[in-house]
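Worksheet: one structure, shown below.
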Amino acid sequence: SHPAPGEPMEIITAVRGFKDILPGETERWQFVEETARKIFSDFGFKEIRVPVLEKTELFRRSIGETTDIVEKEMYTFEDRGGESLTLRPEATASVMRAFLEHSLHGGDSVSKLFTFGPMFRRERPQKGRYRQFHQINVELLGSADPLVDAEVIHMLMLFLERVHLKNVSLEINSLGCPGCRPAFRKVLGQFLSQKEKDLCEDCRRRLGTNPLRVFDCKVEGCRAAVSSAPLLIDYICAGCAGHFREVQEGLKVLETGFSLNPRMVRGLDYYTKTTFEVTTKALGAQNAVAGGGRYDRLVKDLGGPEVPGIGFAAGVERLISLLPEGMEGVSRSPDLYVAALGPEAKKIAFRLCNGIRRQGFLAETDYSGRSLKSQMKRSDRLGAGYTLLIGENEIREGKALLRNMKDGSQGSIGLEGAEAQLLSLLKAR
Ligand code: HAM
């Protein structure tokens, strides 16, 4: 609604849990993304970009009906054509959809894909938790080899090291396969039903649908109940146990430190066998920087052929909040600042600056008409390398004053041919 006449108009703010990433911070994002691109490409991964909006059914089928994400966190709406659509809460499902839709399994037997982008989950916002957040996401499809698990985990840890993340720990677990899980589900179900009165309402319901989810519940009573519960790792079949052993051996060969966490279940239902999480103590409650695992049934469950896969996602906001000071990557300063006063000088500055930019240097000027003194101040504040001063006297004499901002030395250069002269100075810098 419009304000009454004379009253100021209220500004419109961003949606709760959605945040802007401002200049000064974006340099850190670029650093993180460039580092990821380089390392992933060294490991043979290629970039894929997928839409942020998908048919709701895709997430229901892949992430699982009884997960927190699908039960209560998705931004789902009916579009104007009556179709149920969802803003993606994660990227794996979309990458699988694209993989199937474009038959990427046709050519090379292994597909290595990575993608960056925003994800959407309607959780309660708090430090390190947003409703729109960003992931760096990696998927490797077409190999069930445990060495591949070790390699993908190793690549993640290498990436975290290259962005100078300190004090992170890697935890791994195995969730077994559809062959060994039903037996465990029964054992766990029996154990938990004896503790039913201690469980929260959600978990009581989960007893019938997906008892493993109780391991993920943050409610005190439920945590106490699972603290003595039987563990899936003790029930997995010989094949899964052997696979998991080889993953650990592979990690040791690559000198990637890890610890075992038999209570880690992950918040998505598509995982089989190896799962992993990287956490840090520096983040408080939202301590997971990255997570992932193997999903050997997912492609088939989405209607495709039997293609095993493994992947992970790192949360970019959390990662960036952990970068050490000084890792921001330098924001660029002007190579040249042209301080100009008067219509004639303004025209020269306009031509000069744009000519210099075309040669790949950052030139800045100011069309505000404020005093040369205040323009000089601005040049200083922006950290310019050189300042060229063009006032009325300079126009009359056909020469401008050039100041080296680093050492304060100055000299004059002819306005005729100034561009060429400045360029040779800048190139020599
Ligand atoms: P996830 O564990 O749900 O896994 O998310 C991965 C990471 O995203 C988390 O470790 C965290 O850093 C970040 N994250 C999650 N939710 C939020 C939030 N609300 N605000 C800020 N950061 C958040 C997945 O999404 C799987 N798709 C990973 C994967 C790929 N598994 C196999 N391939």
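Naming scheme: A, B, ... for chains in displayed order of the structure tokens; residues 1 onward per chain; ligands 1 onward as shown.
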
(Q) Quick check for you: according to DSSP on this backbone, which residues of stretch 110-313 of chain A are classed as strand (DSSP E or B)? Reply as a PyMOL selection string. (A) chain A and resi 111-120+126+129+132-141+168-174+259-260+272-280+288-294+309-313

Q | Residues within 7 Å of ligand 1, counting only C-alpha atoms and all ligand atoms, as a count of residues only | A | 36

Skipping near chain neighbours, those fewer than 5 positions away, what residues fall within 7 Å of A:Ser111 using only C-alpha atoms, listed as a JSON list (two decimals) with N, CA and C atoms, in the first residue's frame?
```
[["chain", "number", "residue", "atom", "x", "y", "z"],
["A", 140, "LEU", "N", 29.68, -38.52, -9.33],
["A", 140, "LEU", "CA", 30.40, -39.43, -10.22],
["A", 140, "LEU", "C", 29.53, -40.64, -10.46],
["A", 141, "LEU", "N", 29.19, -40.87, -11.73],
["A", 141, "LEU", "CA", 28.26, -41.96, -12.06],
["A", 141, "LEU", "C", 28.94, -43.02, -12.90],
["A", 142, "GLY", "N", 28.57, -44.28, -12.63],
["A", 142, "GLY", "CA", 29.05, -45.36, -13.48],
["A", 142, "GLY", "C", 30.15, -46.22, -12.88]]
```

Q. Could you name the residues that touch A:Asp366 at 9 Å or less, counting only C-alpha atoms, but leaving out those on the same chain fewer than 6 positions away, as number ranges by chain?
A. A: 337-340, 346, 349, 375

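Rounded to one decimal, atom CA of A:Pro324 and atom CA of A:Met155 lie 20.7 Å from each other.
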
Q) Contacts of stretch 206-223 of chain A at 10 Å or less, counting only C-alpha atoms, minus same-chain residues fewer than 2 places along, as a count of residues only? A) 39

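Straight-line separation from atom CA of A:Asn287 to atom CA of A:His243: 27.9 Å.
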
Q: Please measure the separation of atom CA of A:Ile395 and atom CA of A:Ala420, giving the value in Å to one decimal.
A: 18.2 Å

Contact check, stretch 72-118 of chain A to stretch 29-36 of chain A, at most 12 Å, counting only C-alpha atoms, closest pairs as CSV:
```
residue,atom,partner,partner_atom,distance
A:Phe114,CA,A:Ala36,CA,9.4
A:Thr115,CA,A:Ala36,CA,10.2
A:Phe116,CA,A:Glu33,CA,8.1
A:Gly117,CA,A:Glu33,CA,10.5
```

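Residues with any atom within 10 Å of A:Ser333, counting only C-alpha atoms and excluding same-chain neighbours fewer than 5 positions away, are Leu362, Ala363, Glu364, Ser379, Arg381, Leu382, Gly383, Ala384 and Gly385 of chain A.
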
May I have the selected residues written with C-alpha atoms, as an mmCIF file, in the first residue's frame?
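Below is the file part.cif, written as the result:
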```cif
data_model
loop_
_atom_site.group_PDB
_atom_site.id
_atom_site.type_symbol
_atom_site.label_atom_id
_atom_site.label_comp_id
_atom_site.auth_asym_id
_atom_site.auth_seq_id
_atom_site.Cartn_x
_atom_site.Cartn_y
_atom_site.Cartn_z
ATOM 1 C CA LEU A 362 40.768 -0.394 -14.863
ATOM 2 C CA ALA A 363 40.228 3.324 -15.392
ATOM 3 C CA GLU A 364 37.855 5.358 -13.278
ATOM 4 C CA SER A 379 41.112 8.408 -6.159
ATOM 5 C CA ARG A 381 40.247 6.048 -1.314
ATOM 6 C CA LEU A 382 39.812 3.713 -4.290
ATOM 7 C CA GLY A 383 43.522 2.880 -4.154
ATOM 8 C CA ALA A 384 44.280 4.058 -7.699
ATOM 9 C CA GLY A 385 47.791 3.532 -9.081
#
```

Q: Any chance you could list, as a count of residues only, the residues in stretch 10-225 of chain A that come up helix (DSSP H, G or I) when DSSP is run on the backbone?
A: 96

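Excluding stretch 297-307 of chain A and any residue on its chain fewer than 6 positions from it, the residues at most 10 Å away by only C-alpha atoms are Leu58, Arg61, Ser62, Ile63, Thr92, Ala93, Met96, Arg97, Phe99, Leu100, Glu101, Ser103, His105, Ser109, Val110, Leu141, Gly142, Ser143, Ala144, Cys177, Pro178, Asp269, Tyr270, Tyr271 and Thr272 of chain A.
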
Write the residues of the selection above to a file with C-alpha atoms, as a tab-separated table (two decimals), in the first residue's frame.
```
chain	number	residue	atom	x	y	z
A	58	LEU	CA	11.48	-35.75	-8.76
A	61	ARG	CA	11.02	-40.02	-5.38
A	62	SER	CA	14.75	-39.39	-4.89
A	63	ILE	CA	15.21	-37.71	-1.51
A	92	THR	CA	21.72	-34.52	-6.89
A	93	ALA	CA	18.16	-35.25	-8.00
A	96	MET	CA	20.27	-37.49	-12.12
A	97	ARG	CA	17.27	-36.25	-14.05
A	99	PHE	CA	21.77	-37.54	-16.76
A	100	LEU	CA	18.79	-39.71	-17.72
A	101	GLU	CA	17.02	-37.19	-19.90
A	103	SER	CA	21.36	-40.24	-21.87
A	105	HIS	CA	25.33	-42.79	-19.61
A	109	SER	CA	31.21	-45.50	-18.88
A	110	VAL	CA	31.96	-43.01	-16.12
A	141	LEU	CA	28.26	-41.96	-12.06
A	142	GLY	CA	29.05	-45.36	-13.48
A	143	SER	CA	31.46	-46.92	-11.00
A	144	ALA	CA	30.84	-48.95	-7.85
A	177	CYS	CA	22.61	-51.92	0.62
A	178	PRO	CA	18.94	-52.79	0.09
A	269	ASP	CA	17.12	-41.49	1.74
A	270	TYR	CA	18.97	-42.34	-1.45
A	271	TYR	CA	22.26	-43.35	0.14
A	272	THR	CA	23.71	-46.85	0.05
```

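Counting only C-alpha atoms and comparing A:Ile12, A:Leu87, A:Leu170, A:Ile153, the residue that lies closest to A:Phe43 is A:Ile153.
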